[in-house]
Every structure is written in structure tokens, then in C-alpha cells.
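**Student:** For reference, the structure I am asking about is given below.
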Amino acid sequence: MNTRHYPFWPKRVSKTLTVPDTTLYDNLLVSARRYPQKTALIYYGASYTYEELLREVDLLSGYMESELKVKAGDRVMLFMQNSPQYFIAFYAIMRARAVVVPINPMNTEHDLEFYIKDCEIESAVIGQELYDSISPLLTAACLKNLLIAAYSDYLPSEGTGKNLPETVKEESERFEGEHHHLWRNALKAGYQPSAYRGEAGDIVCLPYTSGTTGLPKGCVHTNRTIQANVVSAVNWMNATSDSVHLTTLPLFHVTGMLHSMHAPIFSGSAMVMLTRWNRNAAAEAIQSYQVTHWVNISTMVIDFLANPHLCDYDLSSLTSIAGGGAALPEAVGEKLYQVLGLKFVEGYGLSETISHTHFNPPDRPKLQCLGIPSFDVDARIVDPVTLKELGVGEAGEIVVSGPQVFQGYYNRPEETQQSFFERDGKAFFRTGDIGRFDDDGYYFMVDRVKRMINASGFKVWPTEIESLLYSHPAVQQACVVGIPDPKRGESVKAFIILNDTDRGRVSEKEIIEWAKERMAAYKYPRQIEFRESFPTTASGKILWRKLQEEEKLKNEAVSGR
């Protein structure tokens, strides 16, 4: 195990953590007993105490057991946007000792059918605005029950503000049929759940991989694997019962789920939740509720800092801004520090590790850096072909062994076996990411294995090019892909969103010439295309693969003529 990062470990923080033998539901139970009247959740002006939320979790769990016939080990789909109901449903499903299958609310009927069949899902808890996407699958697959919620049920009677999303405004609808169960009625029914006998080893969550390299795969996580990162996050980021967390990342995604829901509940903190990202709503929430902690993604930070009215808000309560999913460009990190006086604390992880395996030390973060291995994580860089361990500065595949690593892919034993190898008596998970570490033991992303561009035999990593492009004063966002080139094999193309004030003033040629002066001849973009927006995932990651596919189709169309 490499320990060269130990000298930079946060002061007064132990290098190892014992994972609790209690469950995630126990975390809520304990916080509700410790702080019954303390605000746990704020939602567009409405606030809910820990005691109130625990009561509704238990009532919903009782209804699931009695009316939906949910049993221990059943997989239950959670298909909705950020809302009080998301929080309540997640913990109610675990209270019944069933398994939460969190699904991206942007998924279509075709996608949903795959998840339902793959997990043999019989019950789903959904937001009413998503009803049309899933209702055709009732009885057609194995799906038997829909528990339907309206976000507006949890709004205050007045004073919700001007940044309320349309889906949150929609009044509760009536849905008829024997397979339909309304959220309001479920709570009014008054069912009490059976005695809770949850164990640390229970499977409680099956987040799916994005499916960018094949079919999505369910990642099997237990109370114990998730607790490892819950306790890790609370200790690393110094969260306390008086911390206030801004919940803007989607909760179906492991980063949002772990850092903006499970960790605050463990520490008894308050959560200020937004259903949809809105930079003005985020700034108002920070000011109004004295938010201290905010875990986000780089696209949110970029949009937040681009707000021309940002200086009108008092954001001084913020003590920590952290994130992951995609590297924060160095130029953006520097701007963040200039505006807020805070350094971005980047982390690294995957669905298979229920968020982070690496964290930057809060007092000594490095920009464009994944950080150092978290508590009890053994991380190494290996040759992706031979698995030979590599040294300082050498690029190879990041592999990890630690308490948060999943048990395997659901019903995919062969793929699970291919994803692990044994060394020094430990099982190491192969991340598929290419990285390196420096003399201090800090890890840096080079890129995804699948994303490398081969230009005339030279390896070009898009992340590196994007980082340089972000330092151009006119560039707000950048995404680099490889495009077919008859002579070079592949060439570099950059899609760029310009700052509002630079649109129409800066040309593609100017950007190319600027890049040419700062990059090696095989690296600089041969083509630039300006865009108004990029396709993104619900968690804010830019869908580079979609842009690359568009280029591939264009090339095929031209070649066919």
C-alpha cells in the first residue's frame, strides 16, 4: 500500500475508520432521537423536522409491506426527482429491508423496461410527472404497483419564491386503477411497519452504471459498503449537527445520494433541497439558510459563477465546496477562489464504490486533481494489460481496494469476475480510468480508457485539452472528442460554449490559433464548433459520447455520397 500521501493527511483526522455495524435506517432513527425537533429538510420554504420525516418513513414502509406486499430482498424502483418524497421513500424501502433501485428520471419507457426486467421489479415509487413514461409497463413486464407522488404536497401554503420549477407547482392528480397507489393515501392509511431487523450486510441499494460501455449494470451495495463512505464523508468534510447542506445534485446519482442525503442524516445536519438546478435558487438558498456545505459538479460551479448577479448575494456562510464526476477546470477553480475565497475540494469515485475512493485534503487541495486515497483505501496504478504496478508519474489504470467497494454486478458473475484481480491478499477493482500519481501521492485523471484519441499514433487525452481551453477568457465550457481523419486516423475537435459577452466577437479560427500556440502540434483542435448548450446527464456530466456519435454519423453521411 502506497503511503506517500500520509504527510498531507488532514490534521486531527485518523487514517482509518471502523465501519459501523448499524444500518442506514439506524442513522435516521438515531438522528431523530437525538434531534427530534431540529430541521432536517428545507424544501422551497417548507421545513420538516427529523421527527416528522421518521414518522412518514415508517408510515410509508408500513403501507409498502401491507398493500404493496414488499418483502425483504425485493427490488423497488425509485423513479423521481429530488423531493422530500425521494428522501422518505428511500428510507422507507430500506426500513422494509427491501432494495432501492434509483433510476434517472430522464429515462424513457424503453430504458425502464430494461431495469424492470433486469431486477424483476414489482413495485415503483414515482413522481407523477413521470407517470406516462412508466405506466405502459404495468403488467406488461413484471411491474405490479405504482406509488405516485406529487412534489407540491410538500410545499408551504405560501412564500415558495420565484424559482419554483414547473413540475413542483403541479397539483396532485388522481390516478385510478387497482395498480395505482397515491402517496397521500398511503400516509393517511396509518399502517405501522413490522419490527425492524435490518443488518449491516443487507443489500440495500442497486445503483446502475451509466451504460456508456455496454448495457447498464446494477452495483450491489450493502448497508456496510455505503456506511463506509457515509462515515468517511462526515469526518473528512467536518460536518456537524449544525451544518447546512445544499442538495442540488440528483439523488439517484451516487455522489448526490451519499454526500447530500445519507451523510447529512448521519450527522444530524439540515438539507436544503432543490428539485431542479437553478443558479439563482441556489444562491438564494445559500443566503437565506446559511448553507455551509455544498457538494456539486463542475457544470454547476461554472454556471453558478457565470451568474451576473452573484455579487448581490451574501454567500459568506459557505465553508466547503466539493464535488466530483468530472474534473473542475483549473481556470474555474481559480475564479471560484477569487469570488468566494474557497478552494474546490475535488473527489473521485464510481457507482461501484458508492461515490468516493479519493478526496483532496480540504486544507491542501490541488486543482484538477482526484485527491488522495480515502480512509482504508489501497489505490494503485497498474498497466491495463499486464497489471504490472507502476510508479510516480506513470499513466495506467486506477485500481482500488477498500470498504466501500461493491459486492459485484447484479446477476452478472462473469463481468464481476473480470472487474477484479487479487494482489497482496486483497481484491482490487479495475475502474477503467487512466490516471497517475505525483510525488505527494495525489492522484490525477488522465482520461477514460475508451476516450483516448489516437492522432497519427500519438495518444491525446481530451481532459487535458479541455483544461487548457478553459483558460481562454472567452470559453465558458468545452468538450473535446476525436473525429475521423483520413490521414491522421483521428483528429481533435472541440465543442465550445462561449461566454455571453463573447458570442459573435470570437471566431473559431481565433480559438484554433490560440490553442496552436499553447499545445503540441498533434494535440491542438483542428476543428472548433460553437454550441449554445451541451447534452448532459441528469447529474450534469457532459455527454461527450453523444457528441462523438454525431460526428461519426456526419462522417458516414459524407463518405456515402
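Lettering and numbering for the C-alpha cells are positional, with chains as A, B, ... in the shown order, residues counted from 1 in each chain, and ligands counted from 1 in the shown order.
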List every residue of range 26-118 of chain A that has an atom at most 12 Å from any atom of range 223-239 of chain A, and for each one report the closest atom pair and its distance in Å to one decimal, counting only C-alpha atoms, with rows sorted by chain and then by increasing residue number, as a Markdown table.
**Tutor:**
```
| residue | atom | partner | partner_atom | distance |
| --- | --- | --- | --- | --- |
| A:Asp26 | CA | A:Asn223 | CA | 10.1 |
| A:Asn27 | CA | A:Gln227 | CA | 9.4 |
| A:Tyr91 | CA | A:Asn223 | CA | 11.8 |
| A:Met94 | CA | A:Asn223 | CA | 9.4 |
| A:Arg95 | CA | A:Asn223 | CA | 11.7 |
| A:Arg97 | CA | A:Asn223 | CA | 10.5 |
| A:Ala98 | CA | A:Asn223 | CA | 11.7 |
| A:Val99 | CA | A:Asn223 | CA | 10.5 |
| A:Val100 | CA | A:Asn223 | CA | 11.5 |
```
**Student:** Write the residues of the preceding selection, restricted to N, CA and C atoms, as a compact mmCIF listing (two decimals), in the first residue's frame.
**Tutor:**
```txt
# COMPACT_ATOMS: atom_id res chain seq x y z
N ASP A 26 -30.89 2.99 10.66
CA ASP A 26 -30.49 3.30 12.03
C ASP A 26 -29.95 4.72 12.15
N ASN A 27 -29.26 5.20 11.12
CA ASN A 27 -28.74 6.57 11.15
C ASN A 27 -29.87 7.57 11.31
N TYR A 91 -35.68 5.78 2.45
CA TYR A 91 -35.53 5.20 3.78
C TYR A 91 -36.68 4.25 4.13
N MET A 94 -35.77 0.88 2.59
CA MET A 94 -34.76 0.21 3.41
C MET A 94 -35.36 -0.27 4.74
N ARG A 95 -36.33 0.52 5.27
CA ARG A 95 -37.00 0.13 6.52
C ARG A 95 -37.71 -1.22 6.36
N ARG A 97 -36.57 -3.53 4.59
CA ARG A 97 -35.46 -4.43 4.25
C ARG A 97 -35.49 -4.83 2.78
N ALA A 98 -36.08 -3.95 1.96
CA ALA A 98 -36.07 -4.15 0.51
C ALA A 98 -34.87 -3.39 -0.07
N VAL A 99 -34.73 -3.43 -1.39
CA VAL A 99 -33.56 -2.87 -2.07
C VAL A 99 -33.99 -1.70 -2.95
N VAL A 100 -33.38 -0.54 -2.75
CA VAL A 100 -33.68 0.64 -3.55
C VAL A 100 -32.97 0.53 -4.90
```
**Student:** Residues of range 333-362 of chain A within 12 Å of range 377-387 of chain A: nearest atom pair and distance (Å, one decimal) for each, counting only C-alpha atoms, sorted by chain and number, as JSON lines?
**Tutor:**
```
{"residue": "A:Tyr348", "atom": "CA", "partner": "A:Ala379", "partner_atom": "CA", "distance": 11.6}
{"residue": "A:Gly349", "atom": "CA", "partner": "A:Ala379", "partner_atom": "CA", "distance": 11.5}
{"residue": "A:Thr353", "atom": "CA", "partner": "A:Val377", "partner_atom": "CA", "distance": 10.8}
{"residue": "A:His356", "atom": "CA", "partner": "A:Val377", "partner_atom": "CA", "distance": 10.1}
{"residue": "A:Thr357", "atom": "CA", "partner": "A:Val377", "partner_atom": "CA", "distance": 6.7}
{"residue": "A:His358", "atom": "CA", "partner": "A:Val377", "partner_atom": "CA", "distance": 8.2}
{"residue": "A:Phe359", "atom": "CA", "partner": "A:Val377", "partner_atom": "CA", "distance": 10.9}
```
**Student:** To test your reading of the structure, identify every residue in range 308-556 of chain A that backbone DSSP assigns to strand (DSSP E), and report it as a count of residues only.
**Tutor:** 81
**Student:** Please measure the separation of CA of Leu54 in chain A and CA of His262 in chain A, giving the value in Å to one decimal.
**Tutor:**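 Distance reported for this atom pair: 13.9 Å.
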**Student:** Could you name the residues that touch Thr16 in chain A at 9 Å or less, counting only C-alpha atoms, but leaving out those on the same chain fewer than 2 positions away, as a PyMOL selection string?
**Tutor:** chain A and resi 13-14+18+374-376
**Student:** Give me the residues within 12 Å of Arg364 in chain A as a PyMOL selection string, counting only C-alpha atoms and dropping any in the same chain fewer than 5 places off.
**Tutor:** chain A and resi 5+7-11+342-346+359+369+371-372+440+442
**Student:** Limited to N, CA and C atoms, could you put the picked residues into a file as a short mmCIF file (atom, residue, chain, number, x, y, z; two decimals), in the first residue's frame?
**Tutor:**
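Everything below was put into result-v1.cif:
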```
data_model
loop_
_atom_site.label_atom_id
_atom_site.label_comp_id
_atom_site.auth_asym_id
_atom_site.auth_seq_id
_atom_site.Cartn_x
_atom_site.Cartn_y
_atom_site.Cartn_z
N HIS A 5 1.15 9.73 0.56
CA HIS A 5 0.22 10.84 0.80
C HIS A 5 0.00 11.12 2.29
N PRO A 7 1.81 12.30 4.74
CA PRO A 7 2.23 13.61 5.30
C PRO A 7 1.22 14.74 5.03
N PHE A 8 0.34 14.55 4.07
CA PHE A 8 -0.61 15.61 3.70
C PHE A 8 -2.03 15.31 4.19
N TRP A 9 -2.14 14.26 4.99
CA TRP A 9 -3.44 13.88 5.57
C TRP A 9 -3.94 15.02 6.46
N PRO A 10 -5.24 15.30 6.44
CA PRO A 10 -5.77 16.39 7.28
C PRO A 10 -5.39 16.20 8.75
N LYS A 11 -5.00 17.28 9.39
CA LYS A 11 -4.61 17.24 10.80
C LYS A 11 -5.81 16.84 11.67
N LEU A 342 -12.84 30.27 -1.43
CA LEU A 342 -12.85 28.85 -1.10
C LEU A 342 -12.16 28.04 -2.19
N LYS A 343 -11.41 27.05 -1.77
CA LYS A 343 -10.77 26.15 -2.72
C LYS A 343 -11.68 24.95 -2.96
N PHE A 344 -11.82 24.56 -4.21
CA PHE A 344 -12.67 23.44 -4.57
C PHE A 344 -12.02 22.14 -4.13
N VAL A 345 -12.75 21.33 -3.38
CA VAL A 345 -12.24 20.06 -2.88
C VAL A 345 -12.79 18.94 -3.76
N GLU A 346 -11.96 18.50 -4.69
CA GLU A 346 -12.41 17.50 -5.66
C GLU A 346 -12.22 16.10 -5.11
N PHE A 359 -10.16 11.69 -2.09
CA PHE A 359 -10.59 13.02 -1.66
C PHE A 359 -9.37 13.93 -1.64
N CYS A 369 -7.36 17.68 -9.70
CA CYS A 369 -6.75 16.56 -9.01
C CYS A 369 -7.82 15.72 -8.33
N GLY A 371 -7.34 13.76 -5.80
CA GLY A 371 -7.08 13.72 -4.37
C GLY A 371 -6.22 12.54 -3.97
N ILE A 372 -6.28 12.22 -2.69
CA ILE A 372 -5.51 11.10 -2.15
C ILE A 372 -6.48 9.99 -1.72
N ASP A 440 3.72 13.49 -4.16
CA ASP A 440 2.99 13.64 -2.90
C ASP A 440 1.93 12.56 -2.70
N TYR A 442 -0.75 12.32 -4.60
CA TYR A 442 -2.03 12.81 -5.11
C TYR A 442 -2.29 12.18 -6.49
#
```
**Student:** Show me, as a ChimeraX atom specification, the residues that have an atom within 10 Å of His179 in chain A when counting only C-alpha atoms, minus same-chain residues fewer than 5 positions from it.
**Tutor:** /A:68,123,135,138-139,143-147
**Student:** Kindly assemble as CSV a list of the range 211-315 of chain A residues that lie within 12 Å of range 153-166 of chain A, each paired with its nearest atom pair and their distance in Å to one decimal, using only C-alpha atoms, sorted first by chain and then by ascending residue number.
**Tutor:**
```
residue,atom,partner,partner_atom,distance
A:Met273,CA,A:Tyr154,CA,11.8
A:Leu274,CA,A:Leu164,CA,8.9
A:Thr275,CA,A:Pro165,CA,7.3
A:Arg276,CA,A:Pro165,CA,6.7
A:Trp277,CA,A:Pro165,CA,9.1
A:Asn278,CA,A:Asn163,CA,7.4
A:Arg279,CA,A:Asn163,CA,9.4
A:Asn280,CA,A:Asn163,CA,7.4
A:Ala281,CA,A:Asn163,CA,5.8
A:Ala282,CA,A:Asn163,CA,9.5
A:Ala283,CA,A:Asn163,CA,11.0
A:Glu284,CA,A:Asn163,CA,9.5
A:Ala285,CA,A:Asn163,CA,10.6
A:Ser288,CA,A:Gly161,CA,11.8
```
**Student:** Could you give me, as number ranges by chain, the residues within 10 Å of range 412-421 of chain A, counting only C-alpha atoms and dropping anything in the same chain fewer than 6 positions from it?
**Tutor:** A: 217-219, 387, 399-401, 406, 427-432
**Student:** Produce a file of the selected residues containing N, CA and C atoms, as a JSON list (two decimals), in the first residue's frame.
**Tutor:**
```
[["chain", "number", "residue", "atom", "x", "y", "z"],
["A", 217, "LYS", "N", -25.31, -1.80, -15.65],
["A", 217, "LYS", "CA", -25.17, -2.90, -14.70],
["A", 217, "LYS", "C", -25.51, -2.42, -13.30],
["A", 218, "GLY", "N", -26.28, -3.20, -12.57],
["A", 218, "GLY", "CA", -26.62, -2.86, -11.19],
["A", 218, "GLY", "C", -25.47, -3.17, -10.26],
["A", 219, "CYS", "N", -25.10, -2.19, -9.43],
["A", 219, "CYS", "CA", -23.98, -2.36, -8.49],
["A", 219, "CYS", "C", -24.54, -2.73, -7.11],
["A", 387, "LEU", "N", -1.15, -5.64, -15.82],
["A", 387, "LEU", "CA", -1.45, -5.40, -14.39],
["A", 387, "LEU", "C", -0.19, -5.16, -13.56],
["A", 399, "VAL", "N", -6.73, 1.29, -9.89],
["A", 399, "VAL", "CA", -7.40, 0.15, -9.25],
["A", 399, "VAL", "C", -7.50, 0.43, -7.76],
["A", 400, "VAL", "N", -8.58, -0.05, -7.14],
["A", 400, "VAL", "CA", -8.82, 0.28, -5.73],
["A", 400, "VAL", "C", -9.30, -0.93, -4.95],
["A", 401, "SER", "N", -8.91, -0.96, -3.69],
["A", 401, "SER", "CA", -9.43, -1.93, -2.73],
["A", 401, "SER", "C", -9.82, -1.14, -1.49],
["A", 406, "PHE", "N", -18.17, -2.27, -4.04],
["A", 406, "PHE", "CA", -19.40, -3.07, -4.13],
["A", 406, "PHE", "C", -19.12, -4.57, -4.10],
["A", 427, "ALA", "N", -8.64, -7.94, -2.85],
["A", 427, "ALA", "CA", -9.34, -7.87, -4.14],
["A", 427, "ALA", "C", -9.33, -6.43, -4.62],
["A", 428, "PHE", "N", -8.78, -6.20, -5.80],
["A", 428, "PHE", "CA", -8.73, -4.84, -6.38],
["A", 428, "PHE", "C", -9.75, -4.72, -7.51],
["A", 429, "PHE", "N", -10.50, -3.61, -7.47],
["A", 429, "PHE", "CA", -11.47, -3.33, -8.52],
["A", 429, "PHE", "C", -10.82, -2.49, -9.61],
["A", 430, "ARG", "N", -11.03, -2.89, -10.86],
["A", 430, "ARG", "CA", -10.48, -2.16, -12.00],
["A", 430, "ARG", "C", -11.46, -1.08, -12.43],
["A", 431, "THR", "N", -11.08, 0.17, -12.31],
["A", 431, "THR", "CA", -12.00, 1.28, -12.56],
["A", 431, "THR", "C", -12.23, 1.57, -14.03],
["A", 432, "GLY", "N", -11.25, 1.22, -14.89],
["A", 432, "GLY", "CA", -11.34, 1.58, -16.30],
["A", 432, "GLY", "C", -10.90, 3.00, -16.58]]
```
**Student:** Report the closest atom pair, with its distance in Å rounded to one decimal, for each residue of range 286-349 of chain A that has an atom no farther than 12 Å from range 29-42 of chain A; count only C-alpha atoms, sort by chain and then rising residue number, and write it as CSV.
**Tutor:**
```
residue,atom,partner,partner_atom,distance
A:Ile286,CA,A:Ile42,CA,11.8
A:Ser288,CA,A:Ile42,CA,11.0
A:Tyr289,CA,A:Ile42,CA,8.8
A:Gln290,CA,A:Ile42,CA,12.0
A:Val291,CA,A:Ile42,CA,11.2
```
**Student:** Just write the chosen residues, N, CA and C atoms, as a PDB file, in the first residue's frame.
**Tutor:**
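In the end it all went to selection.pdb:
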```
ATOM      1  N   ILE A 286     -28.409  29.593  -0.305  1.00  0.00           N
ATOM      2  CA  ILE A 286     -27.182  29.765   0.489  1.00  0.00           C
ATOM      3  C   ILE A 286     -27.328  30.965   1.410  1.00  0.00           C
ATOM      4  N   SER A 288     -30.238  32.599   2.364  1.00  0.00           N
ATOM      5  CA  SER A 288     -31.381  32.544   3.278  1.00  0.00           C
ATOM      6  C   SER A 288     -31.200  31.554   4.415  1.00  0.00           C
ATOM      7  N   TYR A 289     -30.564  30.394   4.114  1.00  0.00           N
ATOM      8  CA  TYR A 289     -30.485  29.332   5.112  1.00  0.00           C
ATOM      9  C   TYR A 289     -29.079  29.112   5.639  1.00  0.00           C
ATOM     10  N   GLN A 290     -28.164  30.036   5.314  1.00  0.00           N
ATOM     11  CA  GLN A 290     -26.793  29.973   5.829  1.00  0.00           C
ATOM     12  C   GLN A 290     -26.151  28.617   5.543  1.00  0.00           C
ATOM     13  N   VAL A 291     -26.214  28.217   4.279  1.00  0.00           N
ATOM     14  CA  VAL A 291     -25.636  26.944   3.855  1.00  0.00           C
ATOM     15  C   VAL A 291     -24.134  26.939   4.115  1.00  0.00           C
TER      16      VAL A 291
END
```
**Student:** Measure the distance from CA of Ala270 in chain A to CA of Leu340 in chain A in Å and round it to one decimal.
**Tutor:**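 Going from CA of Ala270 in chain A over to CA of Leu340 in chain A, I get 21.9 Å.
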**Student:** So that each row is one residue of range 111-203 of chain A with an atom at most 10 Å from range 69-83 of chain A, can you give its shortest atom pair and the distance in Å to one decimal, using only C-alpha atoms, rows by chain and rising number, as a tab-separated table?
**Tutor:**
```
residue	atom	partner	partner_atom	distance
A:Leu112	CA	A:Phe79	CA	9.5
A:Tyr115	CA	A:Met77	CA	8.7
A:Ile116	CA	A:Met77	CA	8.0
A:Cys119	CA	A:Arg75	CA	6.5
A:Glu120	CA	A:Arg75	CA	7.2
A:Ile121	CA	A:Arg75	CA	5.5
A:Glu122	CA	A:Val76	CA	7.0
A:Ser123	CA	A:Val76	CA	5.3
A:Ala124	CA	A:Met77	CA	4.4
A:Val125	CA	A:Leu78	CA	5.1
A:Ile126	CA	A:Phe79	CA	4.7
A:Gly127	CA	A:Met80	CA	4.7
A:Gln128	CA	A:Met80	CA	8.3
A:Glu129	CA	A:Met80	CA	8.5
A:Leu130	CA	A:Met80	CA	7.3
A:Tyr131	CA	A:Phe79	CA	9.7
A:Ile134	CA	A:Phe79	CA	9.3
A:Leu143	CA	A:Met77	CA	9.8
A:Asn145	CA	A:Lys69	CA	9.7
A:Leu146	CA	A:Met77	CA	9.5
A:Leu147	CA	A:Leu78	CA	9.7
A:Ile148	CA	A:Met80	CA	9.5
A:Ala149	CA	A:Met80	CA	8.6
A:Ala150	CA	A:Ser83	CA	9.3
A:Tyr151	CA	A:Ser83	CA	6.4
A:Ser152	CA	A:Ser83	CA	9.5
A:Tyr154	CA	A:Ser83	CA	8.3
A:Thr167	CA	A:Gln81	CA	9.4
A:Val168	CA	A:Ser83	CA	8.9
A:Gly198	CA	A:Ala72	CA	9.3
A:Asp202	CA	A:Gly73	CA	8.3
A:Ile203	CA	A:Gly73	CA	7.4
```
**Student:** Could you save those same residues with N, CA and C atoms as a short mmCIF file (atom, residue, chain, number, x, y, z; two decimals), in the first residue's frame?
**Tutor:**
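Generated output (selection_24.cif):
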```
data_model
loop_
_atom_site.label_atom_id
_atom_site.label_comp_id
_atom_site.auth_asym_id
_atom_site.auth_seq_id
_atom_site.Cartn_x
_atom_site.Cartn_y
_atom_site.Cartn_z
N LEU A 112 -36.64 1.97 -19.03
CA LEU A 112 -37.29 1.48 -17.81
C LEU A 112 -37.63 0.00 -17.92
N TYR A 115 -34.60 -2.02 -16.92
CA TYR A 115 -34.35 -2.08 -15.48
C TYR A 115 -35.36 -2.98 -14.77
N ILE A 116 -36.63 -2.84 -15.16
CA ILE A 116 -37.69 -3.63 -14.52
C ILE A 116 -37.44 -5.12 -14.71
N CYS A 119 -34.06 -6.40 -12.91
CA CYS A 119 -34.14 -6.53 -11.45
C CYS A 119 -35.42 -7.23 -10.99
N GLU A 120 -36.26 -7.60 -11.94
CA GLU A 120 -37.55 -8.22 -11.59
C GLU A 120 -38.31 -7.33 -10.59
N ILE A 121 -38.49 -6.09 -10.99
CA ILE A 121 -39.13 -5.09 -10.12
C ILE A 121 -40.64 -5.21 -10.20
N GLU A 122 -41.29 -5.32 -9.04
CA GLU A 122 -42.75 -5.41 -8.98
C GLU A 122 -43.40 -4.11 -8.52
N SER A 123 -42.65 -3.26 -7.81
CA SER A 123 -43.20 -2.00 -7.29
C SER A 123 -42.26 -0.85 -7.59
N ALA A 124 -42.86 0.31 -7.89
CA ALA A 124 -42.08 1.51 -8.18
C ALA A 124 -42.70 2.70 -7.47
N VAL A 125 -41.86 3.55 -6.90
CA VAL A 125 -42.29 4.82 -6.32
C VAL A 125 -41.88 5.90 -7.30
N ILE A 126 -42.87 6.68 -7.80
CA ILE A 126 -42.59 7.60 -8.90
C ILE A 126 -43.13 9.00 -8.63
N GLY A 127 -42.54 9.98 -9.30
CA GLY A 127 -43.11 11.32 -9.35
C GLY A 127 -44.21 11.33 -10.39
N GLN A 128 -45.30 12.04 -10.12
CA GLN A 128 -46.45 11.97 -11.02
C GLN A 128 -46.15 12.47 -12.43
N GLU A 129 -45.17 13.36 -12.56
CA GLU A 129 -44.84 13.89 -13.88
C GLU A 129 -44.18 12.83 -14.76
N LEU A 130 -43.75 11.72 -14.16
CA LEU A 130 -43.09 10.64 -14.90
C LEU A 130 -44.03 9.47 -15.19
N TYR A 131 -45.29 9.64 -14.87
CA TYR A 131 -46.27 8.56 -15.00
C TYR A 131 -46.34 8.02 -16.43
N ILE A 134 -43.75 5.36 -17.51
CA ILE A 134 -43.71 4.02 -16.91
C ILE A 134 -45.04 3.29 -16.93
N LEU A 143 -43.97 -5.53 -13.52
CA LEU A 143 -44.36 -4.42 -12.66
C LEU A 143 -45.83 -4.51 -12.28
N ASN A 145 -47.18 -2.54 -9.21
CA ASN A 145 -47.68 -1.42 -8.41
C ASN A 145 -46.92 -0.14 -8.69
N LEU A 146 -47.67 0.97 -8.76
CA LEU A 146 -47.08 2.30 -8.83
C LEU A 146 -47.55 3.10 -7.62
N LEU A 147 -46.60 3.61 -6.84
CA LEU A 147 -46.90 4.51 -5.74
C LEU A 147 -46.54 5.91 -6.23
N ILE A 148 -47.55 6.78 -6.39
CA ILE A 148 -47.39 8.02 -7.15
C ILE A 148 -47.42 9.24 -6.23
N ALA A 149 -46.42 10.12 -6.39
CA ALA A 149 -46.28 11.29 -5.52
C ALA A 149 -46.30 12.58 -6.32
N ALA A 150 -46.84 13.63 -5.70
CA ALA A 150 -46.81 14.99 -6.26
C ALA A 150 -45.93 15.85 -5.36
N TYR A 151 -44.92 16.48 -5.93
CA TYR A 151 -43.98 17.27 -5.13
C TYR A 151 -44.67 18.44 -4.43
N SER A 152 -45.74 18.96 -5.05
CA SER A 152 -46.44 20.12 -4.49
C SER A 152 -47.05 19.83 -3.12
N TYR A 154 -45.62 18.90 -0.62
CA TYR A 154 -44.68 19.25 0.44
C TYR A 154 -44.23 20.71 0.38
N THR A 167 -42.58 21.46 -12.54
CA THR A 167 -43.01 20.14 -12.06
C THR A 167 -43.36 20.17 -10.57
N VAL A 168 -42.76 21.10 -9.84
CA VAL A 168 -43.06 21.20 -8.41
C VAL A 168 -44.39 21.92 -8.18
N GLY A 198 -33.03 -5.01 10.46
CA GLY A 198 -32.01 -4.78 9.45
C GLY A 198 -30.61 -5.09 9.95
N ASP A 202 -27.10 -6.46 4.85
CA ASP A 202 -28.25 -6.45 3.94
C ASP A 202 -27.93 -5.65 2.68
N ILE A 203 -28.33 -6.17 1.52
CA ILE A 203 -28.26 -5.39 0.28
C ILE A 203 -29.36 -4.34 0.33
#
```
